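**Q** This is the structure I want to talk about, given as structure tokens.
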Amino acid sequence: MAVFTALTRDEIAALLNAYKVGRLVEFEGIASGIENTNFFLSTTDGQFVLTVFERLGTTELPFYLGLMKHLAQRGLPVPEPATTSAGSLLSQTRGKPLAIVSRLPGRAVENPSAAQCGQVGQFLAKMHQQARDFALFQPNLRGIGWWKSALPKLEPHLPHDQFQELAEEVIFQDSFVRSPQFERLPAGPIHADLFRDNVLFEGDHIGGVIDFYFAACSVWLFDLAVTVNDWCVDPESGQFDRPRVLALLRAYHGVRPLTDLEHRVWRNALRAAALRFWISRLYDLHLPRPAALLKPHDPARFERMLRLRMRQPDLPWV
């Protein structure tokens with residue numbers, strides 16, 4: 001969401017001519033995030049978000065945009081992509097793909113309540129169920145394959161002991177992904193990045209869930225672990241806030257009952273979720289791209305969390 005591609009007013013106004021979303025009134029670059037360029041748009045027809053995709057190409061984007069369309073049409077609070085006059089969900093600017101989606105109401109919360117965590121758990125389970133029959137497939141582009149390829153690039157930037165710790169966990173997770181247990185886990189499309197800044201609340205009601213541009217097909221338990229590791233912990237220590245985590249897990253379980261196998265590998269999933277964001281934040285810190293507005297996130301949070309998940313004697317469960 002950093003502004004890598006600083007579009008002008010005239011450029012945005014011209015782009016809108018290909019859509020039935022009205023004429024441009026105002027626009028504003030969004031400074032948070034590190035993957036794509038986003039602008040809030042006010043038009044004569046409403047409120048929208050324009051995204052210029054900095055890394056993703058036309059191979060991956062039909063999955064993300066199609067999944068959003070699919071979920072929005074099933075009644076979930078997800079941005080619905082606008083189509084061009086030619087019927088496409090994508091167009092282009094400065095040689096990069098772009099999309100325009102509806103802007104949903106609400107604000108992200110920094111300190112969620114147990115009730116809000118319950119709403120997130122319920123949404124995630126409904127999303128998994130409703131996406132089951134989505135026809136397209138997309139591997140997890142920030143999954144184990146990317147972890148293994150990113151690690152050698154990080155090695156020159158890390159202390160030896162930290163690199164060894166990362167490498168050992170990647171080996172552990174690679175073995176888990178190759179195991180018969182992993183193959184039996186319930187799976188389908190996942191959000192893969194359901195952090196607090198990607199859920200917009202109006203009170204205890206979810207107004208919108210945004211940023212599906214890490215979505216993939218993978219095990220649902222990993223998606224649940226990513227969500228719990230952000231929504232239900234003390235941000236400094238990584239320790240679970242038990243009322244919040246139990247509210248989220250119980251709400252999820254009430255919609256899609258969790259299995260005994262998922263219980264047995266819950267620690268592995270929580271470790272994988274912490275590892276994924278420790279690696280990606282190290283990568284963005286040490287191997288950044290230029291941007292007009294860029295705020296890299298602190299990787300130490302997930303470093304602490306991974307160590308904690310490995311040694312905690314008791315993990316909350318339903």
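By convention here, the chains of the structure tokens are called A, B, ... in the order presented, each chain's residues are numbered starting at 1, and ligands are numbered starting at 1 in the order presented.
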For Asp260 of chain A, list every protein, DNA or RNA residue within 12 Å, evaluated using only C-alpha atoms, and leave out those in the same chain fewer than 5 positions away; present the list as a ChimeraX atom specification.
**A** /A:181,184-186,221,265-266,317-318
**Q** For the alpha helix (DSSP H) assignment from backbone DSSP, which residues of segment 55-219 of chain A qualify? Please present them as a PyMOL selection string.
**A** chain A and resi 61-73+114-130+144-154+160-177+180-183
**Q** Smallest atom-to-atom distance to Arg142 of chain A: which of A:Ala216, A:Ala108, A:Leu287, A:Cys232, using only C-alpha atoms?
**A**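 Checking each of A:Ala216, A:Ala108, A:Leu287, A:Cys232 against Arg142 of chain A, counting only C-alpha atoms, the winner is A:Ala216.
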**Q** For atom CA of Ile144 of chain A and atom CA of Ala215 of chain A, quote the distance in Å rounded to one decimal.
**A**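 These atoms are spaced 14.6 Å apart.
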**Q** Apply DSSP to the structure's backbone, then extract all residues of segment 179-218 of chain A labelled strand (DSSP E) and return them as a ChimeraX atom specification.
**A** /A:187-190,199-202,205-209,216-218
**Q** Limited to N, CA, C and O atoms, could you put the picked residues into a file as a CSV table (one decimal), in the first residue's frame?
**A**
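File produced: part-v3.csv:
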```
chain,number,residue,atom,x,y,z
A,187,ALA,N,-8.5,-27.9,3.3
A,187,ALA,CA,-7.8,-26.9,2.6
A,187,ALA,C,-8.7,-26.3,1.5
A,187,ALA,O,-9.8,-26.8,1.2
A,188,GLY,N,-8.3,-25.1,1.0
A,188,GLY,CA,-9.0,-24.4,0.0
A,188,GLY,C,-8.5,-23.0,-0.1
A,188,GLY,O,-7.4,-22.7,0.5
A,189,PRO,N,-9.2,-22.1,-0.7
A,189,PRO,CA,-8.7,-20.7,-0.7
A,189,PRO,C,-8.6,-20.1,0.7
A,189,PRO,O,-9.5,-20.3,1.5
A,190,ILE,N,-7.5,-19.3,0.9
A,190,ILE,CA,-7.3,-18.6,2.2
A,190,ILE,C,-7.0,-17.2,1.9
A,190,ILE,O,-6.5,-16.8,0.8
A,199,VAL,N,-9.0,-5.5,8.4
A,199,VAL,CA,-10.4,-5.7,8.8
A,199,VAL,C,-11.0,-4.3,9.3
A,199,VAL,O,-10.4,-3.7,10.2
A,200,LEU,N,-12.1,-3.9,8.7
A,200,LEU,CA,-12.6,-2.6,9.0
A,200,LEU,C,-13.9,-2.8,9.9
A,200,LEU,O,-14.8,-3.6,9.4
A,201,PHE,N,-13.9,-2.2,11.0
A,201,PHE,CA,-15.0,-2.4,12.0
A,201,PHE,C,-15.9,-1.2,12.1
A,201,PHE,O,-15.4,0.0,12.1
A,202,GLU,N,-17.2,-1.4,12.2
A,202,GLU,CA,-18.1,-0.4,12.7
A,202,GLU,C,-18.7,-0.9,14.0
A,202,GLU,O,-19.6,-1.7,14.0
A,205,HIS,N,-19.3,-4.8,14.5
A,205,HIS,CA,-19.7,-5.3,13.3
A,205,HIS,C,-18.6,-5.1,12.2
A,205,HIS,O,-18.1,-4.0,12.1
A,206,ILE,N,-18.3,-6.1,11.4
A,206,ILE,CA,-17.3,-6.0,10.4
A,206,ILE,C,-17.9,-5.3,9.2
A,206,ILE,O,-18.9,-5.7,8.6
A,207,GLY,N,-17.4,-4.1,8.8
A,207,GLY,CA,-17.8,-3.4,7.6
A,207,GLY,C,-17.1,-3.9,6.4
A,207,GLY,O,-17.7,-3.8,5.3
A,208,GLY,N,-15.9,-4.4,6.5
A,208,GLY,CA,-15.2,-4.9,5.3
A,208,GLY,C,-13.9,-5.6,5.7
A,208,GLY,O,-13.3,-5.3,6.7
A,209,VAL,N,-13.6,-6.6,4.8
A,209,VAL,CA,-12.3,-7.3,4.9
A,209,VAL,C,-11.6,-7.0,3.6
A,209,VAL,O,-12.1,-7.2,2.5
A,216,ALA,N,-4.4,-17.4,-1.5
A,216,ALA,CA,-3.9,-18.6,-2.1
A,216,ALA,C,-4.8,-19.8,-1.8
A,216,ALA,O,-5.7,-19.7,-1.0
A,217,CYS,N,-4.4,-21.0,-2.3
A,217,CYS,CA,-5.0,-22.2,-1.9
A,217,CYS,C,-4.0,-23.0,-1.0
A,217,CYS,O,-2.9,-23.3,-1.4
A,218,SER,N,-4.5,-23.2,0.2
A,218,SER,CA,-3.6,-23.9,1.2
A,218,SER,C,-4.5,-24.4,2.3
A,218,SER,O,-5.7,-24.3,2.2
```
**Q** Between A:Leu282, A:Val101, A:Val219, A:Leu308, which one has atoms that come closest to Leu16 of chain A, using only C-alpha atoms?
**A**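 Going through A:Leu282, A:Val101, A:Val219, A:Leu308 one by one, the smallest distance to Leu16 of chain A is for A:Val101.
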**Q** Go ahead and compute the interatomic distance for atom CA of Asn111 of chain A and atom CA of Arg196 of chain A, in Å to one decimal.
**A** 8.8 Å
